[in-house]
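Below is one structure, written out as structure tokens; the observations come after it.
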Amino acid sequence: MEQQPLQSIKLTAEQARKLLYQMLLIRRFEEKAAEMYTKEKIRGFLHLYIGEEAVAVGVMQALGPEDNVLCTYREHGHALVRGMDAGVIMAEMYGRQEGCCRGRGGSMHLFDAKTKFYGGNAIVAGHLAMAVGLGLADKKMKRKQLTCCFFGEGAMAEGAFHEAMNLAALWQVPVLFVCENNLYAMGTALRYTHAQTDLEKKGAAYGIASASVDGMDLMAVMQAANTAAESIRRTGQPYFLVCNTYRFRAHSMFDAELYREKSEVEEWKKRDPVPGFFNYLTQQHILIDNDFKEAEAKVEKEIEKAVEFADACSLEPVEELTKYTYSER
Ligand SMILES: Cc1ncc(C[n+]2csc(CCOP(=O)(O)OP(=O)(O)O)c2C)c(N)n1
């Protein structure tokens with residue numbers, strides 16, 4: 001499907017500052033998380049979103065507080081943009097009881113019912129079925145909201161993806177499927193796992209309205225997400241959006257990155273979505289250099305506050321560990 005021209009979105013300086021803040025917040029939060037991981041304050045798994053920020057920020061602008069959001073385990077950025085507190089997220093990653101899941105979920109399982117942020121899901125493609133369920137519930141209850149489900153292209157090689165797409169199309173549920181195509185599923189390149197590498201065609205094959213967009217370009221993602229959300233709200237039918245992006249860091253903190261050339265990563269970094277967006281803003285005379293400095297300073301404070309909060313949080317007492325489980329047995 002053809003994208004509409006980018007010029008159709010005009011940003012005010014205030015909107016531009018908010019978007020720039022969100023982009024920088026994700027970038028710096030993730031850098032800090034990596035640092036805290038090497039200091040062993042964060043343990044277990046940690047998957048960074050650096051390089052992919054324009055997707056979460058861009059898509060989230062098309063959503064309202066009533067909409068449901070589901071993500072993969074690479075979800076810190078989405079949680080931040082959705083409005084979860086950076087300190088509470090950091091505390092969760094530290095495994096502290098003041099975290100959003102009392103430290104029991106960690107980095108991969110952020111969850112916040114208040115902002116309708118339904119994970120943080122570690123099973124590849126598992127949450128697509130949940131998204132269809134949420135969409136079906138909303139449809140049956142005649143609620144107007146939509147469900148937005150982010151997933152990697154690796155999920156599209158799973159049976160659960162095809163089952164979810166089939167049911168979404170069959171039941172006509174208001175779900176926005178957002179594929180964050182960063183070209184690699186752990187160490188496996190797209191071309192080794194997908195017979196059809198034009199991913200948009202997989203949504204279209206189920207009769208679902210489908211489109212692709214440059215996921216390194218925030219303005220383009222916003223435009224595509226607006227079109228998608230508008231289509232779902234108007235028709236009540238699902239929509240499939242592929243955002244072509246790239247992760248600048250390793251799959252997780254345990255990855256020697258032997259499956260791709262450093263030169264490839266450097267090539268993609270030339271299209272870094274954070275400076276890319278800021279350059280667009282200055283070229284369009286929407287913001288000036290000082291706005292970038294101000295956004296950086298504001299983000300730095302926010303992150304410092306988050307770390308201070310997490311550092312001051314406590315571990316759950318051992319005798320409480322079986323609390324909040326489904327069964328006492
Ligand atoms: C059902 C299932 N199979 C395998 C895994 C192991 N695994 C964790 S991440 C991952 C790669 C997923 O890649 P992709 O969906 O492209 O997302 P990305 O990590 O690139 O954001 C795999 C295979 C898993 N978590 N769940």
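If you're wondering about the labels, chains in the structure tokens are A, B, ... by order shown, residues count from 1 in each chain, ligands from 1 in order shown.
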So which residues touch segment 149-155 of chain A within 10 Å, counting only C-alpha atoms, skipping near sequence neighbours fewer than 2 positions away, as a PDB file with C-alpha atoms, in the first residue's frame?
```pdb
ATOM      1  CA  VAL A  55       8.763   2.801  15.819  1.00  0.00           C
ATOM      2  CA  ALA A  56       7.516   2.886  19.423  1.00  0.00           C
ATOM      3  CA  VAL A  59       3.096   4.329  16.515  1.00  0.00           C
ATOM      4  CA  ASN A  68      -4.503  -1.677  24.664  1.00  0.00           C
ATOM      5  CA  VAL A  69      -0.781  -2.157  24.053  1.00  0.00           C
ATOM      6  CA  LEU A  70       1.175  -5.416  23.938  1.00  0.00           C
ATOM      7  CA  CYS A  71       4.880  -5.793  23.248  1.00  0.00           C
ATOM      8  CA  THR A  72       7.733  -8.256  23.121  1.00  0.00           C
ATOM      9  CA  TYR A  73      10.532  -8.472  25.686  1.00  0.00           C
ATOM     10  CA  ARG A  74      12.238  -5.496  23.921  1.00  0.00           C
ATOM     11  CA  GLU A  75       9.717  -3.165  25.484  1.00  0.00           C
ATOM     12  CA  HIS A  78       7.201   1.356  24.605  1.00  0.00           C
ATOM     13  CA  TYR A 118      -0.198  -5.609  28.806  1.00  0.00           C
ATOM     14  CA  GLY A 119       3.444  -6.663  28.650  1.00  0.00           C
ATOM     15  CA  ASN A 121       5.867 -10.892  26.633  1.00  0.00           C
ATOM     16  CA  ILE A 123       7.233 -15.999  24.241  1.00  0.00           C
ATOM     17  CA  VAL A 124       7.841 -15.080  20.636  1.00  0.00           C
ATOM     18  CA  ALA A 125       4.436 -14.537  18.918  1.00  0.00           C
ATOM     19  CA  GLY A 126       2.457 -15.691  21.986  1.00  0.00           C
ATOM     20  CA  HIS A 127       1.064 -12.221  22.607  1.00  0.00           C
ATOM     21  CA  LEU A 128      -0.386 -11.969  19.104  1.00  0.00           C
ATOM     22  CA  ALA A 129      -3.067 -14.432  20.169  1.00  0.00           C
ATOM     23  CA  MET A 130      -3.666 -12.350  23.296  1.00  0.00           C
ATOM     24  CA  ALA A 131      -4.062  -9.233  21.145  1.00  0.00           C
ATOM     25  CA  VAL A 132      -6.733 -10.981  19.082  1.00  0.00           C
ATOM     26  CA  LEU A 146      -8.189  -0.673  19.487  1.00  0.00           C
ATOM     27  CA  THR A 147      -5.408  -3.056  20.491  1.00  0.00           C
ATOM     28  CA  ALA A 157       7.885 -17.489  11.275  1.00  0.00           C
ATOM     29  CA  GLU A 158       5.870 -18.925  14.184  1.00  0.00           C
ATOM     30  CA  GLY A 159       2.600 -20.806  13.848  1.00  0.00           C
ATOM     31  CA  ALA A 160       1.021 -18.501  16.437  1.00  0.00           C
ATOM     32  CA  PHE A 161       1.440 -15.566  14.040  1.00  0.00           C
ATOM     33  CA  HIS A 162      -0.568 -17.316  11.342  1.00  0.00           C
ATOM     34  CA  VAL A 175      -6.120  -4.877  16.177  1.00  0.00           C
ATOM     35  CA  LEU A 176      -3.125  -2.989  14.851  1.00  0.00           C
ATOM     36  CA  PHE A 177      -0.331  -5.490  14.239  1.00  0.00           C
ATOM     37  CA  VAL A 178       3.028  -3.716  14.160  1.00  0.00           C
ATOM     38  CA  CYS A 179       5.965  -5.749  12.907  1.00  0.00           C
ATOM     39  CA  GLU A 180       9.263  -4.249  14.060  1.00  0.00           C
ATOM     40  CA  ASN A 181      11.401  -5.716  11.310  1.00  0.00           C
ATOM     41  CA  ASN A 182      14.989  -5.283  12.525  1.00  0.00           C
ATOM     42  CA  LEU A 183      16.179  -7.982  10.091  1.00  0.00           C
ATOM     43  CA  TYR A 184      17.447 -10.417  12.738  1.00  0.00           C
ATOM     44  CA  ALA A 185      15.774 -12.901  15.054  1.00  0.00           C
ATOM     45  CA  MET A 186      18.564 -13.407  17.587  1.00  0.00           C
ATOM     46  CA  THR A 188      19.282 -15.481  12.301  1.00  0.00           C
ATOM     47  CA  ALA A 189      18.833 -13.133   9.383  1.00  0.00           C
ATOM     48  CA  LEU A 190      15.391 -12.689   7.852  1.00  0.00           C
ATOM     49  CA  THR A 193      13.833 -18.067   8.013  1.00  0.00           C
ATOM     50  CA  HIS A 194      11.278 -16.504   5.680  1.00  0.00           C
ATOM     51  CA  THR A 197      10.785 -11.699   2.735  1.00  0.00           C
ATOM     52  CA  LEU A 199       6.594  -9.182   4.999  1.00  0.00           C
ATOM     53  CA  PHE A 240      -0.905  -4.904   9.527  1.00  0.00           C
ATOM     54  CA  LEU A 241       1.989  -2.437   9.525  1.00  0.00           C
ATOM     55  CA  VAL A 242       5.605  -3.406   8.860  1.00  0.00           C
ATOM     56  CA  CYS A 243       8.159  -0.930  10.208  1.00  0.00           C
ATOM     57  CA  ASN A 244      11.573  -1.569   8.655  1.00  0.00           C
TER      58      ASN A 244
END
```
All helix (DSSP H, G or I) residues (DSSP, backbone) inside segment 98-238 of chain A, as a PyMOL selection string = chain A and resi 107-109+126-140+153-157+159-171+190-193+200-204+218-235
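Once Leu136 of chain A and its same-chain neighbours fewer than 5 positions away are set aside, A:Ala129, A:Met130, A:Ala131, A:Met141, A:Lys142, A:Arg143, A:Lys144, A:Gln145, A:Leu146, A:Thr147, A:Ala164, A:Leu167, A:Ala168, A:Ala169, A:Leu170, A:Trp171, A:Gln172, A:Val173, A:Pro174, A:Val175, A:Gly236, A:Gln237, A:Pro238 remain within 12 Å of it when counting only C-alpha atoms.
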ask   = Of the candidates A:Arg260, A:Lys202, A:His47, A:Arg249, which one gets nearest to ligand 1 if we count only C-alpha atoms and all ligand atoms?
value = A:His47
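Nearest to Arg96 of chain A of all the residues A:Arg27, A:Tyr326, A:Cys148, A:Arg43 is A:Arg43, based on only C-alpha atoms.
Between atom CA of Ala86 of chain A and atom CA of Glu40 of chain A the interatomic distance comes to 18.7 Å.
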query = Would you give me, as an MDAnalysis selection string, the residues in segment 74-260 of chain A that DSSP reads as strand (DSSP E or B)?
reply = chainID A and resid 112 117:120 147:152 175:181 184:185 188:189 209:214 239:244
Residues within 10 Å of Lys269 of chain A, please, as a PDB file with N, CA and C atoms, in the first residue's frame. Count only C-alpha atoms; anything in the same chain fewer than 2 positions from it doesn't count.
```pdb
ATOM      1  N   GLY A  51      18.111   2.217  18.415  1.00  0.00           N
ATOM      2  CA  GLY A  51      18.060   2.190  16.948  1.00  0.00           C
ATOM      3  C   GLY A  51      16.630   2.088  16.435  1.00  0.00           C
ATOM      4  N   MET A 216      12.943   3.969  10.443  1.00  0.00           N
ATOM      5  CA  MET A 216      13.989   4.840  10.987  1.00  0.00           C
ATOM      6  C   MET A 216      13.556   6.305  10.908  1.00  0.00           C
ATOM      7  N   TYR A 246      16.186  -1.284  12.526  1.00  0.00           N
ATOM      8  CA  TYR A 246      17.454  -1.987  12.776  1.00  0.00           C
ATOM      9  C   TYR A 246      17.821  -1.812  14.235  1.00  0.00           C
ATOM     10  N   ARG A 247      18.288  -2.888  14.862  1.00  0.00           N
ATOM     11  CA  ARG A 247      18.787  -2.679  16.226  1.00  0.00           C
ATOM     12  C   ARG A 247      20.288  -2.474  16.169  1.00  0.00           C
ATOM     13  N   PHE A 248      20.736  -1.399  16.836  1.00  0.00           N
ATOM     14  CA  PHE A 248      22.160  -1.051  16.797  1.00  0.00           C
ATOM     15  C   PHE A 248      22.964  -1.921  17.765  1.00  0.00           C
ATOM     16  N   SER A 263      30.484  -3.433   9.672  1.00  0.00           N
ATOM     17  CA  SER A 263      30.261  -2.379   8.664  1.00  0.00           C
ATOM     18  C   SER A 263      28.764  -2.208   8.370  1.00  0.00           C
ATOM     19  N   GLU A 264      28.019  -3.311   8.463  1.00  0.00           N
ATOM     20  CA  GLU A 264      26.567  -3.221   8.234  1.00  0.00           C
ATOM     21  C   GLU A 264      25.916  -2.364   9.330  1.00  0.00           C
ATOM     22  N   VAL A 265      26.351  -2.617  10.566  1.00  0.00           N
ATOM     23  CA  VAL A 265      25.804  -1.854  11.693  1.00  0.00           C
ATOM     24  C   VAL A 265      26.148  -0.367  11.518  1.00  0.00           C
ATOM     25  N   GLU A 266      27.397  -0.102  11.129  1.00  0.00           N
ATOM     26  CA  GLU A 266      27.828   1.299  10.945  1.00  0.00           C
ATOM     27  C   GLU A 266      27.012   1.969   9.842  1.00  0.00           C
ATOM     28  N   GLU A 267      26.730   1.222   8.808  1.00  0.00           N
ATOM     29  CA  GLU A 267      25.937   1.768   7.695  1.00  0.00           C
ATOM     30  C   GLU A 267      24.549   2.196   8.185  1.00  0.00           C
ATOM     31  N   ARG A 271      21.747   6.201   9.655  1.00  0.00           N
ATOM     32  CA  ARG A 271      20.312   6.559   9.593  1.00  0.00           C
ATOM     33  C   ARG A 271      19.701   6.589  10.997  1.00  0.00           C
ATOM     34  N   ASP A 272      20.520   6.834  11.986  1.00  0.00           N
ATOM     35  CA  ASP A 272      20.065   6.886  13.385  1.00  0.00           C
ATOM     36  C   ASP A 272      18.805   7.765  13.497  1.00  0.00           C
ATOM     37  N   PRO A 273      17.708   7.193  14.024  1.00  0.00           N
ATOM     38  CA  PRO A 273      16.444   7.945  14.030  1.00  0.00           C
ATOM     39  C   PRO A 273      16.430   9.156  14.967  1.00  0.00           C
TER      40      PRO A 273
END
```
query = Using only C-alpha atoms and all ligand atoms, which of the listed residues (A:Ala33, A:Met60, A:Ala122, A:Ala295) sits closest to ligand 1?
reply = A:Ala122
task = Mind checking which residues fall within 9 Å of segment 11-15 of chain A, counting only C-alpha atoms, ignoring those fewer than 4 positions away in the same chain, and posting them as a ChimeraX atom specification?
result = /A:19-20,281,286-287
